[in-house]
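What follows is my_file27.pdb (PDB, C-alpha atoms).
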ATOM      1  CA  MET A   1      20.539  18.186  -2.403  1.00  0.00           C
ATOM      2  CA  VAL A   2      19.477  20.151  -5.469  1.00  0.00           C
ATOM      3  CA  HIS A   3      16.855  18.323  -7.427  1.00  0.00           C
ATOM      4  CA  SER A   4      13.262  18.354  -8.568  1.00  0.00           C
ATOM      5  CA  LYS A   5      10.804  15.531  -9.081  1.00  0.00           C
ATOM      6  CA  ASP A   6      10.417  16.801 -12.625  1.00  0.00           C
ATOM      7  CA  HIS A   7      14.111  16.612 -13.506  1.00  0.00           C
ATOM      8  CA  LEU A   8      16.229  13.512 -14.041  1.00  0.00           C
ATOM      9  CA  TYR A   9      19.016  12.711 -16.468  1.00  0.00           C
ATOM     10  CA  LEU A  10      19.198   9.249 -18.029  1.00  0.00           C
ATOM     11  CA  ALA A  11      22.784   8.374 -18.954  1.00  0.00           C
ATOM     12  CA  SER A  12      21.977   5.862 -21.686  1.00  0.00           C
ATOM     13  CA  ARG A  13      21.529   5.539 -25.446  1.00  0.00           C
ATOM     14  CA  SER A  14      19.128   2.610 -25.001  1.00  0.00           C
ATOM     15  CA  PRO A  15      15.643   3.173 -26.426  1.00  0.00           C
ATOM     16  CA  ARG A  16      14.404   0.323 -24.218  1.00  0.00           C
ATOM     17  CA  ARG A  17      15.484   2.119 -21.044  1.00  0.00           C
ATOM     18  CA  ARG A  18      13.696   5.235 -22.250  1.00  0.00           C
ATOM     19  CA  GLU A  19      10.524   3.223 -22.870  1.00  0.00           C
ATOM     20  CA  LEU A  20      10.681   1.661 -19.404  1.00  0.00           C
ATOM     21  CA  LEU A  21      11.135   5.002 -17.627  1.00  0.00           C
ATOM     22  CA  LYS A  22       8.206   6.400 -19.590  1.00  0.00           C
ATOM     23  CA  GLN A  23       6.175   3.331 -18.603  1.00  0.00           C
ATOM     24  CA  ILE A  24       6.385   4.327 -14.925  1.00  0.00           C
ATOM     25  CA  GLY A  25       5.796   8.008 -15.662  1.00  0.00           C
ATOM     26  CA  VAL A  26       9.274   9.365 -14.905  1.00  0.00           C
ATOM     27  CA  PRO A  27      10.208  12.530 -16.852  1.00  0.00           C
ATOM     28  CA  PHE A  28      13.833  12.637 -17.966  1.00  0.00           C
ATOM     29  CA  GLU A  29      16.415  14.060 -20.351  1.00  0.00           C
ATOM     30  CA  VAL A  30      19.000  11.873 -22.079  1.00  0.00           C
ATOM     31  CA  ILE A  31      22.743  12.419 -21.783  1.00  0.00           C
ATOM     32  CA  VAL A  32      25.364  10.075 -23.250  1.00  0.00           C
ATOM     33  CA  PRO A  33      28.708  10.220 -21.425  1.00  0.00           C
ATOM     34  CA  GLU A  34      31.504   7.946 -22.648  1.00  0.00           C
ATOM     35  CA  VAL A  35      32.744   5.117 -20.420  1.00  0.00           C
ATOM     36  CA  ASP A  36      35.343   2.371 -20.840  1.00  0.00           C
ATOM     37  CA  GLU A  37      33.401  -0.883 -20.490  1.00  0.00           C
ATOM     38  CA  SER A  38      36.411  -3.230 -20.586  1.00  0.00           C
ATOM     39  CA  ARG A  39      36.350  -6.035 -18.033  1.00  0.00           C
ATOM     40  CA  ARG A  40      39.229  -5.982 -15.551  1.00  0.00           C
ATOM     41  CA  GLN A  41      41.355  -9.045 -14.956  1.00  0.00           C
ATOM     42  CA  GLY A  42      39.838 -11.312 -12.313  1.00  0.00           C
ATOM     43  CA  GLU A  43      36.644  -9.232 -12.090  1.00  0.00           C
ATOM     44  CA  SER A  44      33.498 -11.279 -11.459  1.00  0.00           C
ATOM     45  CA  PRO A  45      30.455 -10.633 -13.687  1.00  0.00           C
ATOM     46  CA  ARG A  46      28.572  -9.063 -10.757  1.00  0.00           C
ATOM     47  CA  ASP A  47      31.459  -6.786  -9.822  1.00  0.00           C
ATOM     48  CA  TYR A  48      31.895  -5.881 -13.483  1.00  0.00           C
ATOM     49  CA  VAL A  49      28.291  -4.843 -14.143  1.00  0.00           C
ATOM     50  CA  VAL A  50      28.056  -2.853 -10.896  1.00  0.00           C
ATOM     51  CA  ARG A  51      31.351  -1.047 -11.559  1.00  0.00           C
ATOM     52  CA  VAL A  52      30.466  -0.154 -15.155  1.00  0.00           C
ATOM     53  CA  CYS A  53      27.051   1.096 -14.055  1.00  0.00           C
ATOM     54  CA  ARG A  54      28.576   3.281 -11.339  1.00  0.00           C
ATOM     55  CA  ASP A  55      31.175   4.537 -13.812  1.00  0.00           C
ATOM     56  CA  LYS A  56      28.380   5.556 -16.173  1.00  0.00           C
ATOM     57  CA  ALA A  57      26.598   7.481 -13.418  1.00  0.00           C
ATOM     58  CA  ASP A  58      29.852   9.160 -12.324  1.00  0.00           C
ATOM     59  CA  ALA A  59      30.639  10.064 -15.943  1.00  0.00           C
ATOM     60  CA  GLY A  60      27.135  11.489 -16.293  1.00  0.00           C
ATOM     61  CA  TRP A  61      27.628  13.652 -13.217  1.00  0.00           C
ATOM     62  CA  ARG A  62      30.966  14.938 -14.564  1.00  0.00           C
ATOM     63  CA  TYR A  63      29.245  15.611 -17.903  1.00  0.00           C
ATOM     64  CA  LEU A  64      26.760  17.917 -16.149  1.00  0.00           C
ATOM     65  CA  LYS A  65      29.596  19.888 -14.554  1.00  0.00           C
ATOM     66  CA  VAL A  66      31.566  20.231 -17.803  1.00  0.00           C
ATOM     67  CA  ARG A  67      28.467  21.323 -19.739  1.00  0.00           C
ATOM     68  CA  LYS A  68      27.344  23.545 -16.848  1.00  0.00           C
ATOM     69  CA  LEU A  69      23.947  21.842 -16.767  1.00  0.00           C
ATOM     70  CA  PRO A  70      21.668  21.994 -13.711  1.00  0.00           C
ATOM     71  CA  PRO A  71      22.851  19.407 -11.135  1.00  0.00           C
ATOM     72  CA  TYR A  72      19.806  17.149 -11.210  1.00  0.00           C
ATOM     73  CA  PRO A  73      20.153  13.418 -10.419  1.00  0.00           C
ATOM     74  CA  VAL A  74      21.706  11.098 -13.007  1.00  0.00           C
ATOM     75  CA  LEU A  75      20.341   7.585 -13.519  1.00  0.00           C
ATOM     76  CA  ALA A  76      22.510   4.971 -15.233  1.00  0.00           C
ATOM     77  CA  ALA A  77      22.198   1.254 -15.902  1.00  0.00           C
ATOM     78  CA  ASP A  78      24.285  -1.560 -17.320  1.00  0.00           C
ATOM     79  CA  THR A  79      23.172  -5.015 -18.444  1.00  0.00           C
ATOM     80  CA  THR A  80      25.231  -8.097 -19.105  1.00  0.00           C
ATOM     81  CA  VAL A  81      24.413 -11.672 -20.048  1.00  0.00           C
ATOM     82  CA  VAL A  82      26.365 -14.358 -18.211  1.00  0.00           C
ATOM     83  CA  LEU A  83      26.768 -18.026 -19.105  1.00  0.00           C
ATOM     84  CA  GLY A  84      28.796 -19.790 -16.454  1.00  0.00           C
ATOM     85  CA  ASP A  85      31.419 -17.177 -15.608  1.00  0.00           C
ATOM     86  CA  GLU A  86      31.592 -15.791 -19.145  1.00  0.00           C
ATOM     87  CA  ILE A  87      30.222 -12.363 -19.928  1.00  0.00           C
ATOM     88  CA  ILE A  88      28.447 -12.360 -23.279  1.00  0.00           C
ATOM     89  CA  GLY A  89      28.268  -8.903 -24.773  1.00  0.00           C
ATOM     90  CA  LYS A  90      26.801  -7.553 -27.991  1.00  0.00           C
ATOM     91  CA  PRO A  91      27.590  -9.646 -31.085  1.00  0.00           C
ATOM     92  CA  ALA A  92      30.337  -8.465 -33.420  1.00  0.00           C
ATOM     93  CA  GLY A  93      28.266  -9.503 -36.453  1.00  0.00           C
ATOM     94  CA  ARG A  94      25.836 -12.112 -37.736  1.00  0.00           C
ATOM     95  CA  GLU A  95      28.232 -15.032 -37.356  1.00  0.00           C
ATOM     96  CA  ASP A  96      28.964 -14.024 -33.777  1.00  0.00           C
ATOM     97  CA  ALA A  97      25.235 -13.664 -33.059  1.00  0.00           C
ATOM     98  CA  GLN A  98      24.666 -17.182 -34.390  1.00  0.00           C
ATOM     99  CA  ARG A  99      27.474 -18.561 -32.222  1.00  0.00           C
ATOM    100  CA  ILE A 100      26.071 -16.821 -29.119  1.00  0.00           C
ATOM    101  CA  LEU A 101      22.502 -18.027 -29.683  1.00  0.00           C
ATOM    102  CA  GLN A 102      23.719 -21.581 -30.286  1.00  0.00           C
ATOM    103  CA  ARG A 103      25.449 -21.449 -26.906  1.00  0.00           C
ATOM    104  CA  LEU A 104      22.346 -20.102 -25.154  1.00  0.00           C
ATOM    105  CA  SER A 105      20.134 -22.722 -26.842  1.00  0.00           C
ATOM    106  CA  GLY A 106      18.864 -25.288 -24.324  1.00  0.00           C
ATOM    107  CA  ASN A 107      20.739 -23.614 -21.456  1.00  0.00           C
ATOM    108  CA  THR A 108      20.016 -21.308 -18.526  1.00  0.00           C
ATOM    109  CA  HIS A 109      21.893 -18.022 -18.384  1.00  0.00           C
ATOM    110  CA  GLN A 110      21.801 -15.036 -16.073  1.00  0.00           C
ATOM    111  CA  VAL A 111      21.006 -11.450 -16.966  1.00  0.00           C
ATOM    112  CA  LEU A 112      22.591  -8.992 -14.545  1.00  0.00           C
ATOM    113  CA  THR A 113      21.394  -5.399 -14.618  1.00  0.00           C
ATOM    114  CA  ALA A 114      22.776  -2.791 -12.256  1.00  0.00           C
ATOM    115  CA  VAL A 115      21.116   0.588 -11.836  1.00  0.00           C
ATOM    116  CA  SER A 116      22.758   3.636 -10.209  1.00  0.00           C
ATOM    117  CA  LEU A 117      21.496   7.024  -9.126  1.00  0.00           C
ATOM    118  CA  ILE A 118      23.833   9.896  -8.270  1.00  0.00           C
ATOM    119  CA  CYS A 119      23.216  13.435  -7.060  1.00  0.00           C
ATOM    120  CA  GLN A 120      25.864  15.634  -5.449  1.00  0.00           C
ATOM    121  CA  ASP A 121      27.923  13.345  -3.173  1.00  0.00           C
ATOM    122  CA  ARG A 122      25.249  10.670  -2.802  1.00  0.00           C
ATOM    123  CA  HIS A 123      25.533   7.616  -5.047  1.00  0.00           C
ATOM    124  CA  GLU A 124      23.506   4.400  -4.659  1.00  0.00           C
ATOM    125  CA  THR A 125      23.372   1.241  -6.769  1.00  0.00           C
ATOM    126  CA  ARG A 126      21.071  -1.791  -6.919  1.00  0.00           C
ATOM    127  CA  LEU A 127      21.555  -5.068  -8.783  1.00  0.00           C
ATOM    128  CA  SER A 128      18.906  -7.222 -10.456  1.00  0.00           C
ATOM    129  CA  VAL A 129      19.726 -10.880 -11.169  1.00  0.00           C
ATOM    130  CA  THR A 130      17.447 -12.858 -13.487  1.00  0.00           C
ATOM    131  CA  GLU A 131      17.717 -16.455 -14.661  1.00  0.00           C
ATOM    132  CA  VAL A 132      16.567 -17.052 -18.238  1.00  0.00           C
ATOM    133  CA  GLU A 133      16.184 -20.523 -19.729  1.00  0.00           C
ATOM    134  CA  PHE A 134      16.128 -20.946 -23.496  1.00  0.00           C
ATOM    135  CA  ALA A 135      14.459 -23.879 -25.196  1.00  0.00           C
ATOM    136  CA  ALA A 136      16.569 -25.896 -27.633  1.00  0.00           C
ATOM    137  CA  LEU A 137      16.639 -23.743 -30.778  1.00  0.00           C
ATOM    138  CA  ALA A 138      16.559 -25.095 -34.326  1.00  0.00           C
ATOM    139  CA  GLU A 139      19.178 -23.709 -36.738  1.00  0.00           C
ATOM    140  CA  GLN A 140      16.511 -22.184 -38.946  1.00  0.00           C
ATOM    141  CA  ASP A 141      14.948 -20.388 -35.976  1.00  0.00           C
ATOM    142  CA  ILE A 142      18.312 -18.846 -35.062  1.00  0.00           C
ATOM    143  CA  ARG A 143      18.941 -17.791 -38.670  1.00  0.00           C
ATOM    144  CA  ARG A 144      15.450 -16.346 -39.009  1.00  0.00           C
ATOM    145  CA  TYR A 145      15.851 -14.392 -35.779  1.00  0.00           C
ATOM    146  CA  ILE A 146      19.212 -12.955 -36.808  1.00  0.00           C
ATOM    147  CA  ALA A 147      17.743 -12.008 -40.203  1.00  0.00           C
ATOM    148  CA  SER A 148      15.063  -9.989 -38.378  1.00  0.00           C
ATOM    149  CA  GLY A 149      17.795  -7.571 -37.254  1.00  0.00           C
ATOM    150  CA  GLU A 150      16.855  -7.739 -33.578  1.00  0.00           C
ATOM    151  CA  SER A 151      20.044  -9.380 -32.365  1.00  0.00           C
ATOM    152  CA  GLY A 152      22.581  -6.779 -33.490  1.00  0.00           C
ATOM    153  CA  ASP A 153      22.795  -4.253 -30.641  1.00  0.00           C
ATOM    154  CA  LYS A 154      21.845  -6.365 -27.643  1.00  0.00           C
ATOM    155  CA  ALA A 155      23.852  -8.183 -24.998  1.00  0.00           C
ATOM    156  CA  GLY A 156      23.466 -11.910 -25.547  1.00  0.00           C
ATOM    157  CA  ALA A 157      22.331 -11.253 -29.141  1.00  0.00           C
ATOM    158  CA  TYR A 158      18.634 -11.136 -28.237  1.00  0.00           C
ATOM    159  CA  GLY A 159      15.899  -8.806 -27.039  1.00  0.00           C
ATOM    160  CA  ILE A 160      13.300 -10.426 -24.794  1.00  0.00           C
ATOM    161  CA  GLN A 161      10.719  -7.758 -25.684  1.00  0.00           C
ATOM    162  CA  GLY A 162      10.788  -8.866 -29.332  1.00  0.00           C
ATOM    163  CA  LYS A 163      10.674 -12.118 -31.243  1.00  0.00           C
ATOM    164  CA  ALA A 164      13.186 -13.794 -28.903  1.00  0.00           C
ATOM    165  CA  ALA A 165      10.410 -14.056 -26.297  1.00  0.00           C
ATOM    166  CA  MET A 166       9.497 -17.253 -28.181  1.00  0.00           C
ATOM    167  CA  PHE A 167      12.826 -18.785 -27.109  1.00  0.00           C
ATOM    168  CA  VAL A 168      12.305 -18.301 -23.357  1.00  0.00           C
ATOM    169  CA  SER A 169      10.930 -21.405 -21.654  1.00  0.00           C
ATOM    170  CA  ARG A 170      11.405 -20.048 -18.118  1.00  0.00           C
ATOM    171  CA  LEU A 171      12.270 -16.736 -16.489  1.00  0.00           C
ATOM    172  CA  SER A 172      12.969 -16.209 -12.794  1.00  0.00           C
ATOM    173  CA  GLY A 173      13.518 -12.602 -11.786  1.00  0.00           C
ATOM    174  CA  SER A 174      12.849  -9.282 -13.497  1.00  0.00           C
ATOM    175  CA  TYR A 175      11.483  -9.105 -17.044  1.00  0.00           C
ATOM    176  CA  SER A 176      12.229  -5.368 -17.183  1.00  0.00           C
ATOM    177  CA  GLY A 177      15.729  -6.123 -15.879  1.00  0.00           C
ATOM    178  CA  VAL A 178      16.319  -8.380 -18.878  1.00  0.00           C
ATOM    179  CA  MET A 179      15.113  -5.523 -21.089  1.00  0.00           C
ATOM    180  CA  GLY A 180      17.758  -3.288 -19.522  1.00  0.00           C
ATOM    181  CA  LEU A 181      16.178  -1.390 -16.602  1.00  0.00           C
ATOM    182  CA  PRO A 182      14.753  -3.299 -13.600  1.00  0.00           C
ATOM    183  CA  LEU A 183      11.752  -1.200 -12.658  1.00  0.00           C
ATOM    184  CA  PHE A 184      11.459  -2.499  -9.090  1.00  0.00           C
ATOM    185  CA  GLU A 185      15.048  -1.577  -8.219  1.00  0.00           C
ATOM    186  CA  THR A 186      14.789   1.665 -10.190  1.00  0.00           C
ATOM    187  CA  SER A 187      11.641   2.742  -8.346  1.00  0.00           C
ATOM    188  CA  GLN A 188      13.315   1.914  -5.017  1.00  0.00           C
ATOM    189  CA  LEU A 189      16.223   4.201  -5.877  1.00  0.00           C
ATOM    190  CA  LEU A 190      13.940   6.989  -7.046  1.00  0.00           C
ATOM    191  CA  ALA A 191      11.960   6.755  -3.806  1.00  0.00           C
ATOM    192  CA  ALA A 192      15.153   6.769  -1.725  1.00  0.00           C
ATOM    193  CA  PHE A 193      16.160  10.041  -3.410  1.00  0.00           C
ATOM    194  CA  GLY A 194      12.698  11.542  -3.016  1.00  0.00           C
ATOM    195  CA  LEU A 195      12.063  11.485  -6.762  1.00  0.00           C
ATOM    196  CA  THR A 196       8.675   9.830  -6.805  1.00  0.00           C
ATOM    197  CA  ASP A 197       5.265  10.447  -5.236  1.00  0.00           C
ATOM    198  CA  TRP A 198       4.575   6.713  -4.941  1.00  0.00           C
TER     199      TRP A 198
END

Could you write out this structure as structure tokens?
Amino acid sequence: MVHSKDHLYLASRSPRRRELLKQIGVPFEVIVPEVDESRRQGESPRDYVVRVCRDKADAGWRYLKVRKLPPYPVLAADTTVVLGDEIIGKPAGREDAQRILQRLSGNTHQVLTAVSLICQDRHETRLSVTEVEFAALAEQDIRRYIASGESGDKAGAYGIQGKAAMFVSRLSGSYSGVMGLPLFETSQLLAAFGLTDW
């Protein structure tokens, strides 16, 4: 296996994932391969998030070959918000964000985040499952939150690391997983590939 502890590619545009990797002292370069994130018919939310995550890692590995970049490990992640059996993605606009937050208000939803690491012909994936309970939200609180601009590019129309933390009455699982990169599972993968001194 060709890799170095000082070289890792992160296949993600997410600034939150970058922040979280920096938080645990992992050096990385960003690559952004394109992946079809459409849900397949009959696919469960767990199967969906794991498949998309693995597809991102595979696409990242192919990207290295096409660009003739050094074959260092590629880390990818995918996060989805689930209410019942419905996957709630990023809002299409302000009205959609309001509709999503009204549905999450007073309910418990799940945040599923899969993380994958690939190098050569080895590919491993872990899944983080977190339950998040929102308090009942007043209309003005939802409108004020949407006006802040935080809801636009996030699954479930909220970012737990921002103002939406005020909405969370209970969380069971991984806070960093809700942000988009579960650090426990990520560190396990890095250790399994020999990419950490911890």

Report as a PyMOL selection string the full result of the PyMOL selection byres ((chain A and resi 41-50) around 7) when it is applied to this structure. chain A and resi 39-40+51-54+78-80+85+87+113-114

note - CA of Phe134 in chain A and CA of Arg17 in chain A are separated by 23.2 Å

Which residues are close to range 126-133 of chain A, i.e. within 9 Å by all atoms listed in the file, leaving aside same-chain residues fewer than 6 positions away? Reply as number ranges by chain. A: 46, 49-50, 104-116, 167-175, 177-178, 181-182, 184-186, 188-189

Could you name the residues that touch Gly162 in chain A at 10 Å or less, counting all atoms listed in the file, but leaving out those on the same chain fewer than 3 positions away, as a ChimeraX atom specification? /A:145,150-151,158-159,165-166,179

Could you jot down the CA of Ala11 in chain A to CA of Leu190 in chain A separation for me, Å, one decimal place? 14.9 Å

Starting from the shown file, work through the PyMOL selection byres ((chain A and resi 98) around 10) and note down what comes out as a count of residues only. 19

Expressed in Å, the length from CA of Val26 in chain A to CA of Thr125 in chain A is 18.2 Å

Looking at only C-alpha atoms, which of A:Leu8, A:Pro15, A:Lys154, A:Leu21 is the one that sits closest to Ala92 in chain A? A:Lys154

Residues in the PyMOL selection byres ((chain A and resi 62) around 12), expressed as a ChimeraX atom specification: /A:11,31-35,55-61,63-74,118-121

Could you dump the residues just selected with C-alpha atoms as a JSON list (two decimals), in the coordinates of the input?
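Ended up saving to selection.json:
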[["chain", "number", "residue", "atom", "x", "y", "z"],
["A", 11, "ALA", "CA", 22.78, 8.37, -18.95],
["A", 31, "ILE", "CA", 22.74, 12.42, -21.78],
["A", 32, "VAL", "CA", 25.36, 10.07, -23.25],
["A", 33, "PRO", "CA", 28.71, 10.22, -21.42],
["A", 34, "GLU", "CA", 31.50, 7.95, -22.65],
["A", 35, "VAL", "CA", 32.74, 5.12, -20.42],
["A", 55, "ASP", "CA", 31.18, 4.54, -13.81],
["A", 56, "LYS", "CA", 28.38, 5.56, -16.17],
["A", 57, "ALA", "CA", 26.60, 7.48, -13.42],
["A", 58, "ASP", "CA", 29.85, 9.16, -12.32],
["A", 59, "ALA", "CA", 30.64, 10.06, -15.94],
["A", 60, "GLY", "CA", 27.14, 11.49, -16.29],
["A", 61, "TRP", "CA", 27.63, 13.65, -13.22],
["A", 63, "TYR", "CA", 29.24, 15.61, -17.90],
["A", 64, "LEU", "CA", 26.76, 17.92, -16.15],
["A", 65, "LYS", "CA", 29.60, 19.89, -14.55],
["A", 66, "VAL", "CA", 31.57, 20.23, -17.80],
["A", 67, "ARG", "CA", 28.47, 21.32, -19.74],
["A", 68, "LYS", "CA", 27.34, 23.54, -16.85],
["A", 69, "LEU", "CA", 23.95, 21.84, -16.77],
["A", 70, "PRO", "CA", 21.67, 21.99, -13.71],
["A", 71, "PRO", "CA", 22.85, 19.41, -11.14],
["A", 72, "TYR", "CA", 19.81, 17.15, -11.21],
["A", 73, "PRO", "CA", 20.15, 13.42, -10.42],
["A", 74, "VAL", "CA", 21.71, 11.10, -13.01],
["A", 118, "ILE", "CA", 23.83, 9.90, -8.27],
["A", 119, "CYS", "CA", 23.22, 13.44, -7.06],
["A", 120, "GLN", "CA", 25.86, 15.63, -5.45],
["A", 121, "ASP", "CA", 27.92, 13.34, -3.17]]
